[in-house]
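For reference, run-v8.txt is printed below; it contains compact mmCIF, C-alpha atoms and all ligand atoms.
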```
# COMPACT_ATOMS: atom_id res chain seq x y z
CA MET A 1 -20.73 13.24 6.83
CA GLU A 2 -17.77 15.49 6.08
CA VAL A 3 -16.37 14.53 2.69
CA VAL A 4 -12.63 13.87 2.72
CA ALA A 5 -11.18 13.65 -0.75
CA HIS A 6 -8.13 11.47 -1.25
CA VAL A 7 -5.53 13.59 -3.05
CA PRO A 8 -3.41 11.27 -5.20
CA VAL A 9 0.27 11.39 -4.29
CA LEU A 10 2.98 12.01 -6.92
CA PHE A 11 0.22 12.22 -9.52
CA GLN A 12 2.16 13.89 -12.34
CA GLU A 13 5.27 11.79 -11.74
CA THR A 14 3.19 8.58 -11.83
CA LEU A 15 1.53 9.48 -15.12
CA ASP A 16 4.80 10.65 -16.68
CA LEU A 17 6.33 7.26 -15.85
CA LEU A 18 3.35 5.13 -16.81
CA GLN A 19 2.96 7.03 -20.09
CA PRO A 20 -0.68 6.04 -20.68
CA ARG A 21 -1.55 6.06 -24.38
CA PRO A 22 -4.64 5.47 -26.48
CA GLY A 23 -5.38 1.78 -26.88
CA GLY A 24 -3.24 0.83 -23.85
CA SER A 25 -4.23 -1.58 -21.06
CA TYR A 26 -3.55 -0.50 -17.48
CA VAL A 27 -4.00 -2.10 -14.07
CA ASP A 28 -4.41 -0.01 -10.94
CA GLY A 29 -3.90 -2.53 -8.14
CA THR A 30 -4.89 -0.03 -5.43
CA LEU A 31 -7.79 1.94 -6.86
CA GLY A 32 -8.67 3.89 -3.66
CA GLY A 33 -10.26 7.25 -4.53
CA ALA A 34 -9.47 6.58 -8.22
CA GLY A 35 -7.45 9.78 -8.64
CA HIS A 36 -4.58 8.04 -10.42
CA ALA A 37 -7.05 5.83 -12.30
CA GLU A 38 -8.89 8.88 -13.59
CA GLY A 39 -5.58 10.38 -14.77
CA ILE A 40 -4.69 7.14 -16.58
CA LEU A 41 -8.08 6.97 -18.30
CA ASP A 42 -7.91 10.66 -19.29
CA ARG A 43 -4.43 10.30 -20.75
CA SER A 44 -5.23 7.08 -22.59
CA ALA A 45 -8.40 8.48 -24.22
CA PRO A 46 -10.26 7.65 -26.35
CA ASP A 47 -9.88 3.89 -25.98
CA GLY A 48 -7.32 3.01 -23.28
CA ARG A 49 -8.69 0.52 -20.71
CA LEU A 50 -8.18 0.22 -16.98
CA LEU A 51 -8.67 -2.61 -14.51
CA GLY A 52 -8.99 -1.32 -10.95
CA LEU A 53 -8.59 -3.53 -7.86
CA ASP A 54 -9.36 -2.72 -4.27
CA LEU A 55 -10.00 -4.81 -1.17
CA ASP A 56 -12.34 -2.18 0.20
CA PRO A 57 -15.86 -2.45 -1.24
CA GLU A 58 -16.64 1.16 -0.24
CA ALA A 59 -13.64 2.41 -2.23
CA LEU A 60 -14.89 0.48 -5.27
CA GLU A 61 -18.37 2.03 -4.94
CA ARG A 62 -16.99 5.56 -4.87
CA ALA A 63 -14.51 4.84 -7.66
CA ARG A 64 -17.28 3.47 -9.87
CA GLU A 65 -19.13 6.76 -9.52
CA ARG A 66 -16.06 8.90 -10.12
CA LEU A 67 -15.09 6.95 -13.24
CA SER A 68 -18.63 6.58 -14.63
CA ARG A 69 -17.96 9.11 -17.43
CA PHE A 70 -15.46 6.62 -18.94
CA GLY A 71 -18.27 4.14 -19.64
CA GLU A 72 -17.01 0.74 -20.78
CA ARG A 73 -13.35 1.67 -20.58
CA PHE A 74 -12.87 0.41 -17.03
CA VAL A 75 -13.48 -2.77 -15.05
CA LEU A 76 -13.44 -2.93 -11.25
CA ALA A 77 -12.61 -5.99 -9.16
CA HIS A 78 -13.00 -6.62 -5.44
CA ASP A 79 -9.71 -8.48 -5.21
CA SER A 80 -6.26 -8.22 -3.70
CA PHE A 81 -3.23 -7.26 -5.72
CA ALA A 82 -1.72 -10.35 -4.12
CA ASP A 83 -3.75 -12.16 -6.84
CA LEU A 84 -2.76 -9.73 -9.57
CA GLU A 85 -1.91 -12.23 -12.26
CA ARG A 86 -5.07 -14.29 -11.90
CA VAL A 87 -7.33 -11.21 -11.79
CA ALA A 88 -5.57 -9.53 -14.72
CA ARG A 89 -5.78 -12.66 -16.88
CA TRP A 90 -9.41 -13.33 -15.94
CA ASN A 91 -10.37 -9.81 -16.99
CA GLY A 92 -8.30 -9.75 -20.18
CA PHE A 93 -5.63 -7.32 -18.95
CA ALA A 94 -2.58 -9.47 -19.62
CA PRO A 95 -0.36 -8.34 -21.23
CA ALA A 96 -0.69 -4.90 -19.62
CA ASP A 97 1.10 -1.73 -20.69
CA GLY A 98 1.26 -0.31 -17.19
CA ILE A 99 0.60 -1.34 -13.58
CA LEU A 100 0.34 0.92 -10.54
CA LEU A 101 0.53 0.02 -6.84
CA ASP A 102 -0.05 3.01 -4.54
CA LEU A 103 0.29 1.25 -1.20
CA GLY A 104 -1.32 1.72 2.18
CA LEU A 105 -4.65 3.30 2.97
CA SER A 106 -6.53 6.28 1.57
CA SER A 107 -7.39 9.51 3.39
CA PHE A 108 -11.02 8.49 3.07
CA GLN A 109 -10.42 5.27 4.97
CA LEU A 110 -8.45 7.10 7.65
CA ALA A 111 -11.08 9.79 8.15
CA HIS A 112 -14.34 7.94 7.69
CA SER A 113 -14.01 4.28 8.04
CA GLU A 114 -16.04 2.64 10.74
CA ARG A 115 -13.45 -0.09 10.56
CA GLY A 116 -11.02 1.53 12.94
CA PHE A 117 -8.03 2.76 10.88
CA GLY A 118 -7.79 6.07 12.74
CA PHE A 119 -8.05 7.08 16.37
CA ARG A 120 -9.62 10.52 16.19
CA ALA A 121 -13.08 8.98 16.50
CA THR A 122 -14.19 5.96 18.51
CA ALA A 123 -14.68 2.87 16.35
CA PRO A 124 -14.26 -0.88 16.79
CA LEU A 125 -10.65 -2.02 16.42
CA ASP A 126 -10.94 -3.80 13.10
CA MET A 127 -8.57 -2.42 10.40
CA ARG A 128 -9.27 -5.01 7.72
CA PHE A 129 -9.30 -3.41 4.26
CA ASN A 130 -11.67 -6.16 3.26
CA PRO A 131 -14.46 -6.68 5.78
CA LEU A 132 -15.09 -10.13 4.28
CA GLN A 133 -11.56 -11.26 5.05
CA THR A 134 -11.34 -14.02 7.63
CA GLY A 135 -8.42 -13.89 10.01
CA PRO A 136 -7.47 -11.70 12.91
CA THR A 137 -8.65 -8.12 13.32
CA ALA A 138 -6.67 -5.48 15.21
CA ARG A 139 -8.85 -6.28 18.23
CA ASP A 140 -7.77 -9.93 18.09
CA LEU A 141 -4.09 -8.99 17.86
CA VAL A 142 -4.06 -6.53 20.77
CA ASN A 143 -6.07 -8.85 23.00
CA GLN A 144 -4.52 -12.19 22.09
CA LEU A 145 -0.86 -11.84 21.14
CA ALA A 146 1.75 -12.60 23.79
CA MET A 147 3.56 -9.52 25.04
CA VAL A 148 6.79 -10.44 23.22
CA GLU A 149 4.94 -11.01 19.93
CA LEU A 150 3.11 -7.72 20.31
CA ALA A 151 6.33 -5.82 21.02
CA ASP A 152 7.96 -7.47 18.02
CA LEU A 153 5.04 -6.53 15.76
CA LEU A 154 5.10 -2.89 16.95
CA ARG A 155 8.87 -2.66 16.52
CA ARG A 156 8.95 -4.32 13.11
CA TYR A 157 5.96 -2.74 11.39
CA GLY A 158 5.73 0.51 13.37
CA GLU A 159 9.49 0.99 13.80
CA ASP A 160 8.54 2.19 17.26
CA PRO A 161 11.41 2.60 19.74
CA MET A 162 8.84 2.38 22.57
CA ALA A 163 7.40 -0.92 21.33
CA LYS A 164 8.21 -2.85 24.51
CA ARG A 165 6.71 -0.25 26.79
CA ILE A 166 3.53 -0.01 24.69
CA ALA A 167 3.16 -3.81 24.52
CA ARG A 168 3.48 -4.02 28.31
CA ALA A 169 0.83 -1.31 28.79
CA ILE A 170 -1.55 -3.07 26.38
CA VAL A 171 -1.16 -6.39 28.18
CA GLU A 172 -1.70 -4.77 31.60
CA SER A 173 -4.81 -2.99 30.38
CA ARG A 174 -6.39 -6.04 28.72
CA ARG A 175 -5.97 -8.04 31.95
CA ARG A 176 -8.61 -5.78 33.46
CA LYS A 177 -10.86 -5.71 30.39
CA PRO A 178 -10.44 -6.46 26.66
CA ILE A 179 -9.49 -3.47 24.51
CA GLU A 180 -12.36 -2.84 22.11
CA THR A 181 -12.04 0.58 20.47
CA THR A 182 -9.59 2.81 18.63
CA THR A 183 -9.72 5.57 21.23
CA GLU A 184 -9.16 3.13 24.13
CA LEU A 185 -6.02 1.86 22.42
CA ALA A 186 -4.81 5.38 21.55
CA GLU A 187 -5.19 6.43 25.20
CA ILE A 188 -3.28 3.39 26.44
CA VAL A 189 -0.42 4.20 24.05
CA GLU A 190 -0.45 7.86 24.99
CA ARG A 191 -0.29 7.03 28.69
CA ALA A 192 2.46 4.44 28.15
CA THR A 193 4.70 6.76 26.16
CA GLY A 194 4.06 9.61 28.56
CA HIS A 195 3.92 12.36 25.97
CA ARG A 196 2.54 13.53 22.67
CA ARG A 197 5.25 13.77 20.04
CA ALA A 198 5.49 17.11 18.29
CA ARG A 199 4.13 16.26 14.88
CA THR A 200 2.47 12.90 15.20
CA HIS A 201 0.36 11.31 17.91
CA PRO A 202 2.28 8.54 19.70
CA ALA A 203 -0.35 6.01 18.64
CA THR A 204 0.27 6.65 14.92
CA ARG A 205 3.03 4.02 14.73
CA THR A 206 0.97 1.52 16.76
CA PHE A 207 -1.98 1.88 14.39
CA GLN A 208 0.24 1.60 11.34
CA ALA A 209 1.88 -1.55 12.69
CA LEU A 210 -1.45 -3.22 13.47
CA ARG A 211 -2.88 -2.31 10.06
CA ILE A 212 0.14 -3.76 8.25
CA ALA A 213 -0.12 -6.97 10.29
CA VAL A 214 -3.91 -7.36 9.97
CA ASN A 215 -3.81 -6.98 6.19
CA ARG A 216 -0.52 -8.86 5.75
CA GLU A 217 0.54 -5.92 3.63
CA LEU A 218 4.20 -6.83 3.20
CA GLU A 219 3.36 -10.40 2.21
CA ALA A 220 0.84 -9.09 -0.35
CA LEU A 221 3.47 -6.77 -1.82
CA GLU A 222 6.09 -9.50 -2.03
CA SER A 223 3.65 -11.73 -3.80
CA ALA A 224 2.41 -9.01 -6.20
CA LEU A 225 5.75 -7.76 -7.53
CA PRO A 226 6.81 -10.86 -9.52
CA GLN A 227 3.23 -11.26 -10.77
CA ALA A 228 3.24 -7.67 -12.01
CA ILE A 229 6.38 -8.26 -14.08
CA GLN A 230 4.80 -11.43 -15.43
CA VAL A 231 1.62 -9.58 -16.45
CA LEU A 232 3.43 -6.68 -18.15
CA GLY A 233 3.90 -6.84 -21.90
CA PRO A 234 7.22 -5.88 -23.57
CA GLU A 235 8.21 -2.35 -22.47
CA GLY A 236 5.26 -2.24 -20.07
CA ARG A 237 5.88 -0.23 -16.92
CA LEU A 238 5.36 -0.88 -13.22
CA VAL A 239 5.13 2.04 -10.78
CA VAL A 240 5.06 1.45 -7.02
CA ILE A 241 4.49 4.16 -4.40
CA SER A 242 5.42 3.16 -0.83
CA PHE A 243 4.87 4.98 2.43
CA HIS A 244 6.91 2.78 4.73
CA SER A 245 10.63 1.98 4.72
CA LEU A 246 9.95 -1.77 4.88
CA GLU A 247 7.76 -1.59 1.79
CA ASP A 248 10.29 0.54 -0.05
CA ARG A 249 13.08 -1.88 0.82
CA ILE A 250 11.09 -4.78 -0.65
CA VAL A 251 10.42 -2.83 -3.85
CA LYS A 252 13.96 -1.54 -4.21
CA ARG A 253 15.57 -4.96 -3.68
CA PHE A 254 13.15 -6.64 -6.05
CA PHE A 255 13.78 -4.09 -8.80
CA ILE A 256 17.57 -4.31 -8.38
CA GLU A 257 17.43 -8.10 -8.55
CA GLN A 258 15.16 -8.11 -11.60
CA ALA A 259 17.45 -5.64 -13.40
CA ALA A 260 20.69 -7.43 -12.48
CA THR A 261 22.71 -9.36 -15.04
CA CYS A 262 24.13 -11.61 -12.27
CA ILE A 263 22.77 -12.61 -8.86
CA CYS A 264 25.59 -14.95 -7.83
CA PRO A 265 26.73 -14.71 -4.19
CA PRO A 266 29.62 -12.24 -3.84
CA GLY A 267 33.10 -13.76 -4.07
CA LEU A 268 32.46 -16.30 -6.85
CA PRO A 269 35.27 -16.00 -9.44
CA VAL A 270 32.87 -16.46 -12.39
CA CYS A 271 29.14 -16.03 -12.85
CA VAL A 272 27.22 -19.30 -12.59
CA CYS A 273 23.66 -18.03 -12.13
CA GLU A 274 22.79 -17.36 -15.78
CA HIS A 275 20.34 -14.78 -14.48
CA LYS A 276 18.68 -12.76 -17.23
CA PRO A 277 17.60 -9.18 -16.46
CA ARG A 278 13.88 -8.73 -16.99
CA VAL A 279 13.53 -4.99 -16.38
CA ARG A 280 15.34 -1.70 -16.56
CA VAL A 281 15.08 0.60 -13.57
CA LEU A 282 13.59 4.00 -14.47
CA THR A 283 14.11 5.69 -11.07
CA ARG A 284 17.65 5.18 -9.78
CA ARG A 285 17.12 6.92 -6.44
CA GLY A 286 13.35 6.78 -5.98
CA VAL A 287 11.17 9.82 -6.57
CA ARG A 288 9.96 11.93 -3.65
CA ALA A 289 7.29 14.61 -3.44
CA THR A 290 8.44 18.21 -3.95
CA PRO A 291 8.22 20.58 -0.95
CA GLU A 292 5.21 22.21 -2.68
CA GLU A 293 3.37 18.89 -2.85
CA VAL A 294 4.20 18.09 0.79
CA ASN A 295 2.84 21.50 1.70
CA ARG A 296 -0.40 20.90 -0.19
CA ASN A 297 -0.71 17.25 0.83
CA PRO A 298 1.21 16.25 3.99
CA ARG A 299 0.46 12.57 3.28
CA SER A 300 3.01 12.76 0.45
CA ARG A 301 5.85 13.45 2.91
CA SER A 302 6.82 9.82 3.33
CA ALA A 303 5.98 8.69 -0.22
CA ILE A 304 8.67 7.19 -2.39
CA LEU A 305 8.04 6.12 -5.94
CA ARG A 306 10.00 3.53 -7.89
CA ALA A 307 9.42 2.34 -11.43
CA VAL A 308 10.75 -0.22 -13.88
CA GLU A 309 10.17 -1.04 -17.54
CA LYS A 310 10.00 -4.64 -18.70
CA LEU A 311 12.69 -5.41 -21.28
CA PRO A 312 11.38 -6.10 -24.81
CA ASP A 313 12.77 -9.66 -24.87
CA ALA A 314 11.98 -10.63 -21.23
CA ALA A 315 9.72 -13.61 -20.55
C1 LIG B 401 -3.27 4.92 -1.04
S1 LIG B 401 -4.82 4.26 -1.49
C2 LIG B 401 -4.80 4.44 -3.25
C3 LIG B 401 -5.19 5.80 -3.72
C4 LIG B 401 -5.37 5.93 -5.22
N1 LIG B 401 -4.14 5.76 -5.93
C5 LIG B 401 -6.02 7.26 -5.58
O1 LIG B 401 -5.52 7.93 -6.49
O2 LIG B 401 -7.01 7.62 -4.98
C6 LIG B 401 -4.57 2.56 -1.30
C7 LIG B 401 -5.80 1.69 -1.58
O3 LIG B 401 -5.32 0.36 -1.74
C8 LIG B 401 -6.24 -0.52 -1.15
N2 LIG B 401 -5.50 -1.75 -0.85
C9 LIG B 401 -4.63 -1.97 0.16
N3 LIG B 401 -4.12 -3.22 0.09
C10 LIG B 401 -4.68 -3.79 -1.01
C11 LIG B 401 -4.53 -5.06 -1.63
N4 LIG B 401 -3.72 -6.02 -1.15
N5 LIG B 401 -5.23 -5.30 -2.78
C12 LIG B 401 -6.05 -4.34 -3.29
N6 LIG B 401 -6.23 -3.13 -2.73
C13 LIG B 401 -5.55 -2.85 -1.61
C14 LIG B 401 -6.78 0.22 0.04
O4 LIG B 401 -8.06 -0.29 0.39
C15 LIG B 401 -6.83 1.66 -0.48
O5 LIG B 401 -8.09 1.97 -1.00
```
Written as structure tokens, that's how I'd like the structure from this file.
Ligand SMILES: C[S@@+](CC[C@H](N)C(=O)[O-])C[C@H]1O[C@@H](n2cnc3c(N)ncnc32)[C@H](O)[C@@H]1O
Amino acid sequence: MEVVAHVPVLFQETLDLLQPRPGGSYVDGTLGGAGHAEGILDRSAPDGRLLGLDLDPEALERARERLSRFGERFVLAHDSFADLERVARWNGFAPADGILLDLGLSSFQLAHSERGFGFRATAPLDMRFNPLQTGPTARDLVNQLAMVELADLLRRYGEDPMAKRIARAIVESRRRKPIETTTELAEIVERATGHRRARTHPATRTFQALRIAVNRELEALESALPQAIQVLGPEGRLVVISFHSLEDRIVKRFFIEQAATCICPPGLPVCVCEHKPRVRVLTRRGVRATPEEVNRNPRSRSAILRAVEKLPDAA
């Protein structure tokens, strides 16, 4: 098997913001290839600790090997960051000094997974990060959703202007025979859109949309953010790297709200909300990869990093 390494995105920027230090406790909610985790453990030597979560058991296996030189300094958990607070408390990582969420999927999953994240090779249409997860797979969604629901899903999560046309083509095709594999679906999308776009295959957005829906990625993020603030100790830092405008919008709004001194509806003559800011925003505009990084690692092109620090007196 060809080995595809996952190159961590915005690596230096993430570490500069997290500021790992000896004795610190860190949670990587999306361990993946453990590139960021390794950086955190290196920088927090000799005794900083890291809790790493991933839904993908294969990612955890590989990460365990990569991090083995750190001995007892790390703990891995096959859990979702949607359960961040419970998992962090259970493992003794609350309060934490830093938390990282590097969203989406890893290059390894895209290139190698038999679970159908990519369409270069034929694989069953699955797309669950966690193969033990019950609930619909991508195969279930493409074969069972009504055409309108499918179009809505592709438009919302894939931001695909051809969503309607693709949904119609999928429904027509599955009437003849259920759609089973990644390459079958990619061909249907390619035929429906009538062309290959210059830089990306027309099925890229379809696959992204299905993956986000199968794993309920936006719901997991919305649930994780308040838990992360809760788990952080005073002046602890949360760094989130998103690859999708919907994710980034959720993160940005949440950070603005958490940093605000007032969240009253506009137009009220006086503040009645008594809202207390819990964080200070460290990245006003969001941090993007430099052209050099994009050149080295095209995956970083759509990455946007945002970070906050919990205020010393916040609950
Ligand atoms: C972009 S990769 C992380 C890469 C990592 N930062 C590195 O340096 O290699 C995202 C990882 O998050 C995992 N993941 C996605 N959703 C998750 C969730 N809700 N809970 C835990 N892990 C999740 C994926 O399985 C994937 O391995």
Write out as a ChimeraX atom specification which residues come within 9 Å of A:Ala121 when counting all atoms listed in the file, dropping same-chain ones fewer than 4 positions away. /A:111-112,116,182-183
Long-range neighbours of A:Asp97 as a PyMOL selection string, 6 Å cut-off, only C-alpha atoms, 2 positions minimum in chain: chain A and resi 24-26+233+236
Mind giving me the axis-aligned box for stretch 7-19 of chain A with 8 Å on every side, centre plus edges in Å to one decimal, as lines of an AutoDock Vina configuration file?
```
center_x = 0.4
center_y = 9.5
center_z = -11.6
size_x = 27.9
size_y = 24.8
size_z = 33.0
```
Between A:Gln258, A:Thr206, A:Thr193, A:Gln12, which is the closest to A:Asp152 once you count all atoms listed in the file?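 Distance minimum relative to A:Asp152 lands on A:Thr206.
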Which residues are near ligand LIG 401 (chain B) in this structure, taking near to mean any atom at most 6 Å from a ligand atom and counting only C-alpha atoms and all ligand atoms? Format them as a ChimeraX atom specification. /A:6,8,29-36,53-56,59,79-82,102-106,129,220
Go ahead and compute the interatomic distance for atom CA of A:Pro22 and atom CA of A:Glu65, in Å to one decimal.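 About the pair atom CA of A:Pro22 and atom CA of A:Glu65: they are 22.3 Å apart.
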Measure the distance from atom CA of A:Leu218 to atom CA of A:Leu232 in Å and round it to one decimal.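 Interatomic distance, atom CA of A:Leu218 to atom CA of A:Leu232: 21.4 Å.
Closest approach to A:Leu15 among A:Leu305, A:Leu145, A:Val189, A:Leu246: A:Leu305, based on only C-alpha atoms.
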Best match for closeness to A:Val281 among A:Arg301, A:Glu257, A:Gly267, A:Leu185, counting all atoms listed in the file: A:Glu257
